[in-house]
Amino acid sequence: MGCVSDNAGDLHAHAPVPEGVTVPGWRVGLIVASFSIGLPDFLNGAHNALALGFWGAVGAAFIAALILCVGGCFTSVVSVRSRLSTYLLVRRSFGTGGAALINTVIALIHFCWFGVNASFFGEAMVQAAEANGVAGNFTLFVILGSVLMTVSTIIGFKALDRLAVVAVPVLAVILAAVAWVALDRYGLVTATAPDPAEPMDFGIAVSALIGAYMLAVATMPDLSRYTRTTRGAIASMVLSFPIATPLMMTAAAIPALATGETSIMKLVVQFGFGTPVLFLLVLPTWTVNALNLYSSSLSLGTTFPKVRPWLFTVLGGTIGAGFALIGILDAFIPFLLFLGLIIPPIAAIYVIDALTIWRGADSAASIADLPAVRWPALATWLGSIVVAVLAAYRGWTVTTVPALDATLFAALVYVLVRRGFAKKSRV
């Protein structure tokens, strides 16, 4: 998991994308669909299934996928019309200093995702060692894996990025095989677990699913600004989340409900797939973490341009490994819920700006001479986080989905605040 990042984006990171390098929407849709296939997604789906049962988990996935699709349509269309990256859209709405804060937050989220995937790497290596009669040391494997991932990102990210094209289909085949074996052995189990590890209601499950993918939606302009037309941008979203997310959740729910196990590593061993499959599961964690470090170094590099990018990569690997060792997987669902509270309002704010005050404006001119901070945007974002926290942890919710509450609050308040500031400026 992690944010959408285009490696070619370095060429157009600080200016609108020229029309000559655009691509059809379906190509972007396939890339976005691949974001739904990963080990964190399996863990998320397994927890949801144990808490809600099969049909509840699949229903939550459909609702979340539709919300993500709508959000993705807005961020994609905005980026196609402006041809601006996420960084530039955020900078335009929040100001240079406000964008620095947002970019730092996004970088920290990438560090957390690094920790999640480093944990999966360590777990896979422990299972592989124990399957061959050797005692596995999770801490040692996490540190070793984090070092290798960090170094390989510094010296050869592009090769790893190409490897990701192979890793996603391989992982999809493994997940499908695990679900098939579970169906063959146990049939379709639909009831909830008697004592789920992460008890949650339907709204919280939807919010956790939104949180898992919302960073990708908010940073979708990094990819979708290359989409040829607005119709293609919408098509790319329709072909991605509404199809891939429910399928991924179904593949996770079937073995989780059949066995009560949420670890794909332990299921692979339990079903007798062998050590080679465990090593294949490591491949996506490696490539995704290279992407997390690359994206975080770009975010921090725009904020602190005098610092060399490789230093941010080392910092990210170190902090991410620390998150893994203190047990970020044990707080995985709360982590996803947290993402669903803080990320959606950012996208809502820059979308509203793009559709109102900068509608039809020249993109290059709109990002020139920006103020240090645009206080209406920053205040709205911080306020929406407070509202979302109250919705998630105090039950003060309108939609029963805290991530949706945060987004709607941010959109409504930002429109009102902008109007208030506009009236003041005319007085």
# chains A, B, ... in the order shown; residues from 1 in each chain; ligands from 1

$ closest_atom_pairs --of "range 31-82 of chain A" --to "range 320-330 of chain A" --cutoff "12 Å" --atoms "only C-alpha atoms" --output "CSV"
residue,atom,partner,partner_atom,distance
A:Leu39,CA,A:Leu329,CA,11.4
A:Pro40,CA,A:Leu329,CA,9.1
A:Leu43,CA,A:Leu329,CA,9.2
A:Asn44,CA,A:Leu329,CA,10.4
A:His47,CA,A:Asp330,CA,11.5

$ residues_around --residues "Phe241 in chain A" --least-positions-apart "2" --cutoff "12 Å" --atoms "only C-alpha atoms" --output "VMD selection string"
chain A and resid 28 to 37 61 to 73 209 to 210 212 to 214 216 to 217 234 to 239 243 to 249

$ residues_around --residues "Leu382 in chain A" --least-positions-apart "2" --cutoff "10 Å" --atoms "only C-alpha atoms" --output "list in words"
Ile342, Pro345, Ile346, Ala377, Leu378, Ala379, Thr380, Ser384, Ile385, Val386, Val387 and Ala410 of chain A

$ residues_around --residues "range 51-56 of chain A" --least-positions-apart "3" --cutoff "10 Å" --atoms "only C-alpha atoms" --output "CSV table (one decimal) with N, CA and C atoms, in the first residue's frame"
chain,number,residue,atom,x,y,z
A,45,GLY,N,-9.3,-7.3,5.0
A,45,GLY,CA,-10.5,-8.1,4.7
A,45,GLY,C,-10.8,-9.2,5.7
A,46,ALA,N,-9.7,-9.8,6.2
A,46,ALA,CA,-9.9,-10.9,7.1
A,46,ALA,C,-10.5,-10.4,8.4
A,47,HIS,N,-10.0,-9.3,8.9
A,47,HIS,CA,-10.5,-8.8,10.2
A,47,HIS,C,-12.0,-8.3,10.0
A,48,ASN,N,-12.3,-7.7,8.8
A,48,ASN,CA,-13.7,-7.3,8.6
A,48,ASN,C,-14.6,-8.5,8.5
A,59,GLY,N,-20.4,-6.6,1.7
A,59,GLY,CA,-21.2,-5.4,1.6
A,59,GLY,C,-20.4,-4.2,1.9
A,60,ALA,N,-19.6,-4.2,3.0
A,60,ALA,CA,-18.8,-3.1,3.4
A,60,ALA,C,-17.8,-2.7,2.3
A,61,ALA,N,-17.3,-3.8,1.7
A,61,ALA,CA,-16.3,-3.5,0.6
A,61,ALA,C,-17.0,-2.8,-0.6
A,62,PHE,N,-18.2,-3.2,-0.9
A,62,PHE,CA,-18.9,-2.6,-2.0
A,62,PHE,C,-19.2,-1.1,-1.7
A,188,LEU,N,-18.2,-22.7,2.0
A,188,LEU,CA,-18.3,-21.3,2.3
A,188,LEU,C,-18.9,-21.0,3.6
A,189,VAL,N,-18.1,-20.5,4.5
A,189,VAL,CA,-18.5,-20.1,5.9
A,189,VAL,C,-18.9,-18.7,5.9
A,190,THR,N,-20.1,-18.3,6.3
A,190,THR,CA,-20.6,-17.0,6.3
A,190,THR,C,-20.8,-16.3,7.6
A,191,ALA,N,-20.8,-17.1,8.7
A,191,ALA,CA,-21.1,-16.5,10.0
A,191,ALA,C,-19.9,-15.8,10.6
A,192,THR,N,-20.2,-14.8,11.5
A,192,THR,CA,-19.1,-14.1,12.1
A,192,THR,C,-18.4,-15.0,13.1
A,193,ALA,N,-17.2,-14.6,13.4
A,193,ALA,CA,-16.4,-15.3,14.4
A,193,ALA,C,-16.9,-15.0,15.8
A,194,PRO,N,-16.9,-16.0,16.7
A,194,PRO,CA,-17.5,-15.8,18.1
A,194,PRO,C,-16.7,-14.7,18.9
A,195,ASP,N,-15.4,-14.6,18.6
A,195,ASP,CA,-14.6,-13.6,19.4
A,195,ASP,C,-13.6,-13.0,18.4
A,196,PRO,N,-14.0,-12.1,17.5
A,196,PRO,CA,-13.1,-11.5,16.6
A,196,PRO,C,-12.0,-10.7,17.2
A,197,ALA,N,-10.8,-10.7,16.7
A,197,ALA,CA,-9.7,-9.9,17.2
A,197,ALA,C,-9.9,-8.4,17.2
A,198,GLU,N,-10.6,-8.0,16.2
A,198,GLU,CA,-10.9,-6.6,16.0
A,198,GLU,C,-12.4,-6.4,15.9
A,199,PRO,N,-13.2,-6.3,17.0
A,199,PRO,CA,-14.6,-6.1,16.9
A,199,PRO,C,-14.9,-4.8,16.3
A,200,MET,N,-15.9,-4.7,15.4
A,200,MET,CA,-16.2,-3.4,14.7
A,200,MET,C,-17.6,-3.5,14.1
A,201,ASP,N,-18.3,-2.4,14.0
A,201,ASP,CA,-19.6,-2.4,13.4
A,201,ASP,C,-19.4,-2.1,11.9
A,202,PHE,N,-20.5,-2.0,11.1
A,202,PHE,CA,-20.4,-1.9,9.7
A,202,PHE,C,-19.8,-0.6,9.3
A,205,ALA,N,-16.0,-0.6,9.7
A,205,ALA,CA,-15.4,-1.4,8.7
A,205,ALA,C,-15.3,-0.7,7.4
A,249,MET,N,-11.6,-8.4,-1.0
A,249,MET,CA,-12.2,-8.6,0.3
A,249,MET,C,-12.8,-10.0,0.3
A,250,THR,N,-13.4,-10.5,-0.8
A,250,THR,CA,-14.0,-11.8,-0.9
A,250,THR,C,-12.9,-12.9,-0.7
A,252,ALA,N,-10.2,-12.6,0.8
A,252,ALA,CA,-9.7,-12.6,2.2
A,252,ALA,C,-10.7,-13.2,3.1
A,253,ALA,N,-12.0,-13.0,2.9
A,253,ALA,CA,-13.0,-13.4,3.8
A,253,ALA,C,-13.2,-14.9,3.8
A,254,ILE,N,-13.1,-15.5,2.7
A,254,ILE,CA,-13.3,-17.0,2.6
A,254,ILE,C,-12.4,-17.8,3.5
A,256,ALA,N,-10.4,-16.7,5.9
A,256,ALA,CA,-10.4,-16.2,7.3
A,256,ALA,C,-11.6,-16.8,8.1
A,257,LEU,N,-12.8,-16.8,7.5
A,257,LEU,CA,-14.0,-17.3,8.2
A,257,LEU,C,-13.9,-18.8,8.3

$ residues_around --residues "range 267-282 of chain A" --least-positions-apart "6" --cutoff "6 Å" --atoms "only C-alpha atoms" --output "list in words"
Phe121, Ala124 and Ala128 of chain A

$ closest_residue --among "A:Leu88, A:Ala290, A:Val389, A:Leu404" --to "Ser146 in chain A" --atoms "only C-alpha atoms"
A:Ala290

$ atom_distance --atom1 "CA of Phe335 in chain A" --atom2 "CA of Val168 in chain A"
23.5 Å

$ residues_around --residues "Phe114 in chain A" --least-positions-apart "2" --cutoff "8 Å" --atoms "only C-alpha atoms" --output "PDB file with N, CA and C atoms, in the first residue's frame"
ATOM      1  N   HIS A 110       3.632   7.250   4.890  1.00  0.00           N
ATOM      2  CA  HIS A 110       4.429   6.298   4.118  1.00  0.00           C
ATOM      3  C   HIS A 110       5.364   5.500   5.027  1.00  0.00           C
ATOM      4  N   PHE A 111       5.926   6.158   6.035  1.00  0.00           N
ATOM      5  CA  PHE A 111       6.788   5.445   6.980  1.00  0.00           C
ATOM      6  C   PHE A 111       5.991   4.364   7.708  1.00  0.00           C
ATOM      7  N   CYS A 112       4.741   4.697   8.074  1.00  0.00           N
ATOM      8  CA  CYS A 112       3.885   3.707   8.741  1.00  0.00           C
ATOM      9  C   CYS A 112       3.611   2.520   7.823  1.00  0.00           C
ATOM     10  N   VAL A 116       4.283  -1.535   8.175  1.00  0.00           N
ATOM     11  CA  VAL A 116       3.305  -2.608   7.941  1.00  0.00           C
ATOM     12  C   VAL A 116       3.906  -3.677   7.043  1.00  0.00           C
ATOM     13  N   ASN A 117       4.488  -3.257   5.926  1.00  0.00           N
ATOM     14  CA  ASN A 117       5.034  -4.231   4.975  1.00  0.00           C
ATOM     15  C   ASN A 117       6.302  -4.896   5.491  1.00  0.00           C
ATOM     16  N   ALA A 118       7.105  -4.159   6.266  1.00  0.00           N
ATOM     17  CA  ALA A 118       8.277  -4.782   6.889  1.00  0.00           C
ATOM     18  C   ALA A 118       7.849  -5.872   7.871  1.00  0.00           C
ATOM     19  N   ASN A 289       7.428  -1.369  -0.518  1.00  0.00           N
ATOM     20  CA  ASN A 289       8.192  -0.541   0.409  1.00  0.00           C
ATOM     21  C   ASN A 289       9.202   0.343  -0.306  1.00  0.00           C
ATOM     22  N   ASN A 292       7.088   3.176  -1.173  1.00  0.00           N
ATOM     23  CA  ASN A 292       6.814   4.019  -0.004  1.00  0.00           C
ATOM     24  C   ASN A 292       7.994   4.939   0.307  1.00  0.00           C
ATOM     25  N   LEU A 293       9.205   4.398   0.260  1.00  0.00           N
ATOM     26  CA  LEU A 293      10.384   5.218   0.538  1.00  0.00           C
ATOM     27  C   LEU A 293      10.599   6.261  -0.552  1.00  0.00           C
ATOM     28  N   GLY A 316      13.302   7.162   6.453  1.00  0.00           N
ATOM     29  CA  GLY A 316      12.050   6.425   6.315  1.00  0.00           C
ATOM     30  C   GLY A 316      12.206   4.958   6.633  1.00  0.00           C
ATOM     31  N   GLY A 317      13.294   4.343   6.149  1.00  0.00           N
ATOM     32  CA  GLY A 317      13.534   2.934   6.447  1.00  0.00           C
ATOM     33  C   GLY A 317      13.737   2.689   7.927  1.00  0.00           C
ATOM     34  N   GLY A 320      10.324   3.382   9.741  1.00  0.00           N
ATOM     35  CA  GLY A 320       9.403   2.314   9.370  1.00  0.00           C
ATOM     36  C   GLY A 320       9.726   1.010  10.080  1.00  0.00           C
ATOM     37  N   ALA A 321      11.016   0.674  10.160  1.00  0.00           N
ATOM     38  CA  ALA A 321      11.416  -0.536  10.875  1.00  0.00           C
ATOM     39  C   ALA A 321      11.033  -0.432  12.348  1.00  0.00           C
TER      40      ALA A 321
END

$ atom_distance --atom1 "CA of Arg81 in chain A" --atom2 "CA of Ala99 in chain A"
20.9 Å

$ residues_around --residues "Leu412 in chain A" --least-positions-apart "2" --cutoff "10 Å" --atoms "only C-alpha atoms" --output "PyMOL selection string"
chain A and resi 348-349+352+380+407-410+414-417

$ write_last_selection --atoms "C-alpha atoms" --output "PDB file, in the first residue's frame"
ATOM      1  CA  ALA A 348     -12.029  17.575  -0.584  1.00  0.00           C
ATOM      2  CA  ILE A 349     -10.364  20.956  -0.128  1.00  0.00           C
ATOM      3  CA  ILE A 352     -13.430  22.343  -4.190  1.00  0.00           C
ATOM      4  CA  THR A 380     -10.862  23.502   7.768  1.00  0.00           C
ATOM      5  CA  THR A 407     -15.107  14.485   4.115  1.00  0.00           C
ATOM      6  CA  LEU A 408     -18.611  15.959   4.142  1.00  0.00           C
ATOM      7  CA  PHE A 409     -17.761  18.240   7.070  1.00  0.00           C
ATOM      8  CA  ALA A 410     -14.612  19.483   5.331  1.00  0.00           C
ATOM      9  CA  TYR A 414     -14.695  24.921   3.461  1.00  0.00           C
ATOM     10  CA  VAL A 415     -17.344  26.265   1.081  1.00  0.00           C
ATOM     11  CA  LEU A 416     -18.815  28.404   3.879  1.00  0.00           C
ATOM     12  CA  VAL A 417     -15.408  29.591   5.110  1.00  0.00           C
TER      13      VAL A 417
END

$ closest_residue --among "A:Leu84, A:Ala218, A:Val288, A:Val58" --to "Ile343 in chain A" --atoms "only C-alpha atoms"
A:Ala218

$ closest_residue --among "A:Met265, A:Thr285, A:Ala347, A:Leu183" --to "Ile102 in chain A" --atoms "only C-alpha atoms"
A:Ala347

$ select_by_dssp --residues "range 127-294 of chain A" --states "helix (DSSP H, G or I)" --output "PyMOL selection string"
chain A and resi 127-131+138-186+202-218+221-224+230-238+241-259+264-270+275-294
